[in-house]
Amino acid sequence: MSDTLPSSAYGSHGLNLSNMQIPSSTRGLLRNPAHVASPQTVSQLLSEAVGGRREILAAHYVRKSYRKASLVIPVLQGVELAIQAGEFVSIIGPSGCGKSTLLHLLATLDAPDSGEICFEENRIDNLVSAGRDILRNKYFGMVFQFYHLLPELTTLENVLAPAMIGEGVLGYWARRRAYKERAKEMLELVGLGHRLKHKPRELSGGEMQRTAIARALVARPRVLLADEPTGNLDKHTGEEIMAILRRLNREQNLTIVMVTHDSRIAAQADRTVTLVDGRVVAA
Amino acid sequence: MYKLLLCWRYLRTRYIALASIISVMLGVATMIVVNAVMDGFTHEMKDRIHGILSDLVFESQSLDGFPDADRRMAEIRKIAGENIAGMSPTINIPAMLGYSYGSQYVTKQITMIGVDEATYASVSDFGNYLQHPDNRKQLDFKLKEGGYDTWDHQASDRSKAPTREGMQNAGWEIRRRKARYFSHVAVPDGSLINPFSENKTPSGDAPAGNTALAGGPAASEGTEFDPAKDQHTGCVLGIGLCGYRMSDGADGFLAFPGDDVEISYPTSSKPPKVLSAKFTCVDFYESKMNEFDSNFVFVPIKKLQELRGMIDPSTGIANCNAINIRLKPGVDLDKVRDLLRANFPPQLYRISSWKDKQGALLAAVQMETAVLNVLLFLIIAVAGFGILAIFFMIVFEKTRDIGILKSLGATGRGIMSIFLSYGLSLGVVGASVGLVLGLLFVRYINEIADVLGEITGQRVFDPSIYYFQKIPTIIQWWTVAWIVVGAMTIAVLASILPARRAARLHPVEALRYE
């Protein structure tokens, strides 16, 4: 499917990061030839990777605790996790077991107390904030339980937000047509091609979540991180969302990491990782 | 890009923030109005003072002055000739003015200025302030038959300037009427016995011979003085000396051109003695500076030198005590002043510019403007704190959105610039609305003053106090630009703290924020 998309929107410019100030430990990330490839070659690489079980995202002995006044609450106690490219993994566990925290750590929204987070075999948890911002903007797509759309913006503008964030004013202006095409395409992909001009408050929960998925996909991310994507939806709408995610995984070979507490939802993934008391337990 | 888009959406959807910039707007408008009015007044005043005083004044330390003005002028021309456009000698002395109005005798303290009518108008705007059109062209100290302006010819809008009652008769007409009124009844022989006898001579038809007999005005130049046909030496009275302004802005007069006045002046003998002489008022001087209009009386310099005994009987050279100098346009006033100061002994001569002469007044106005500007700018600064508070509220309200933006890869600097540009656009909106309001207010300030006066029943701008018919305003564009830029800067400064707070929010905590 991605082969039919216009390549101009994210193909030519998005990976030109070589002039960024990033610590030497992460330079490998930028030198990796996969990162300067066109979308076509990326998808080829990804399909090769599925066969070769290439590790795309991994957590090694990750510990994280929260501090409340003098009380230290341990959340993650040495999590060991590896996700292969093209995999659909669900992380399941009871409330408070730390599965959302783990997802935030994988997305570099938060930093672990100890341990490492690796993306394509490069350590990312110790990146400077500029590097993490670029990772989140171009390499990860995120979907949340509460949709987290910007209420001031229309559906289309919400989907365009990552493009606007990743580009300067002039750069965005120059390529706005391509971005808009891409955003519309993503909205059509999730079945919302007819609601471009609506504000989030005019949408139903399922529609909002589909908008959020379109937003997460617009930048052609390598990994989709979903935090309880069906948690706020009824069973039928949740099924629709899961169908979209499964289709993305199947048709576009998109790596998906999904956190849920619902074992029926989790079962629809290729693999389920169970988290109990901050540790991964064997299924 | 998202910064501009979000900033624009916030601007359009959050009216509470617009409320916070009303004070910015009002502050900007008030500052523009106050500065325009103050600048208008200052400019008008400077213009007037400058017009009255000439650029430089070269004065002797003593009232008796220095001999031979022509030689001094030649010396001055030798020192700074290339800068000088014109010079005129004058004599300034304190004196007393007296004239009759009905049964009362009005006396005023004045400064009597002997001017050379041929050159004086070339060193100051003196000529423009006279009431007769011919005198404005060239003053000759001769009473005119008539034709004095019956309205304020300096008013910008003649239809609004009230008519000056009595001025239509000023000149010889008034003089003849007064002469007829005050002429003494001729007393034919025997009529004293029966004053009511039929053959009484009608009044006003008095033979000239009897006026002197009855103690009329002293004959001058050896011939009989007929007040209906002859005039004394002409003088120009400051309009404030014999006029008064009524609350509606119209002027009333106690004396007119054509009336006789008496001036008591010190002679140049040692010690000075007081003598008095009769003059005929030939015109009014109206500079619209009350201080000058109610103080100055202009007489011909030759006559004054004669009266005071300032002419050396052996050589015929007369003294004068000041030389007024007008410089060519664009010449540095202070430079020429300092040049002259270096060349004349300060024990004998005082050389000052018009600014030096009125320095205290101008400095006071300038001080007033500065203090007002500081106070008004504080209003805008207070508005800045309003913006600060509202921005903190908005940052709290938008915490979750900030988390979303960060999760999508927005940098801290990007988030900060949303709020900074939001602050800037509030400042721009406030300042530009204030700018428009202020400029409109200045444009229609007189109309607004009239309406306010009608509503409150109290005149906002009383022309009897200010001698201006209208409120003078000048808009200086660089001042306006400073005000607008200052207001915008304050709006941006006030948004820095909330914007930094927003930029530093932790994405996970911001996402969890309910």
# chains A, B, ... in the order shown; residues from 1 in each chain; ligands from 1
>>> interface_residues(of="chain A", to="chain B", cutoff="6 Å", atoms="only C-alpha atoms", output="list of chain:residue names")
A:Asp133, A:Ile134, A:Arg136, A:Asn137, A:Pro162, A:Met164, A:Ile165, A:Val169
>>> write_last_selection(atoms="N, CA and C atoms", output="mmCIF file, in the first residue's frame")
data_model
loop_
_atom_site.group_PDB
_atom_site.id
_atom_site.type_symbol
_atom_site.label_atom_id
_atom_site.label_comp_id
_atom_site.auth_asym_id
_atom_site.auth_seq_id
_atom_site.Cartn_x
_atom_site.Cartn_y
_atom_site.Cartn_z
ATOM 1 N N ASP A 133 12.848 14.349 20.328
ATOM 2 C CA ASP A 133 11.723 15.014 19.651
ATOM 3 C C ASP A 133 11.608 14.524 18.213
ATOM 4 N N ILE A 134 12.770 14.357 17.551
ATOM 5 C CA ILE A 134 12.752 13.903 16.149
ATOM 6 C C ILE A 134 12.279 12.458 16.071
ATOM 7 N N ARG A 136 10.214 10.935 18.108
ATOM 8 C CA ARG A 136 8.764 10.887 18.313
ATOM 9 C C ARG A 136 8.026 11.443 17.104
ATOM 10 N N ASN A 137 8.669 12.448 16.462
ATOM 11 C CA ASN A 137 7.983 13.092 15.357
ATOM 12 C C ASN A 137 7.969 12.220 14.101
ATOM 13 N N PRO A 162 1.721 16.465 13.104
ATOM 14 C CA PRO A 162 3.112 16.011 13.113
ATOM 15 C C PRO A 162 3.929 16.615 11.982
ATOM 16 N N MET A 164 3.408 19.550 10.597
ATOM 17 C CA MET A 164 3.661 20.951 10.936
ATOM 18 C C MET A 164 4.755 21.062 11.980
ATOM 19 N N ILE A 165 4.753 20.120 12.934
ATOM 20 C CA ILE A 165 5.756 20.171 13.993
ATOM 21 C C ILE A 165 7.137 19.861 13.432
ATOM 22 N N VAL A 169 8.090 26.796 9.095
ATOM 23 C CA VAL A 169 6.953 27.440 8.433
ATOM 24 C C VAL A 169 7.104 27.367 6.918
#
>>> residues_around(residues="Ala85 of chain B", least_positions_apart="2", cutoff="7 Å", atoms="only C-alpha atoms", output="list in words")
Asn83, Arg326, Leu327 and Lys328 of chain B
>>> write_last_selection(atoms="N, CA and C atoms", output="compact mmCIF listing (two decimals), in the first residue's frame")
# COMPACT_ATOMS: atom_id res chain seq x y z
N ASN B 83 25.74 83.68 9.55
CA ASN B 83 24.60 82.97 10.13
C ASN B 83 23.39 83.89 10.34
N ARG B 326 17.92 87.59 14.30
CA ARG B 326 17.31 86.39 13.72
C ARG B 326 18.36 85.68 12.88
N LEU B 327 18.47 84.37 13.08
CA LEU B 327 19.47 83.60 12.35
C LEU B 327 18.87 83.01 11.09
N LYS B 328 19.75 82.63 10.20
CA LYS B 328 19.27 81.95 9.00
C LYS B 328 18.73 80.58 9.37
>>> closest_residue(among="A:Ala174, A:Leu57, A:Tyr147, A:Tyr66", to="Cys118 of chain A", atoms="only C-alpha atoms")
A:Leu57
>>> residues_around(residues="Leu435 of chain B", least_positions_apart="2", cutoff="10 Å", atoms="only C-alpha atoms", output="ChimeraX atom specification")
/B:25-33,429-433,437-441,480-481,483-484
>>> select_by_dssp(residues="segment 40-140 of chain A", states="strand (DSSP E or B)", output="ChimeraX atom specification")
/A:55-68,71-84,88-92,114-119,122-123,140
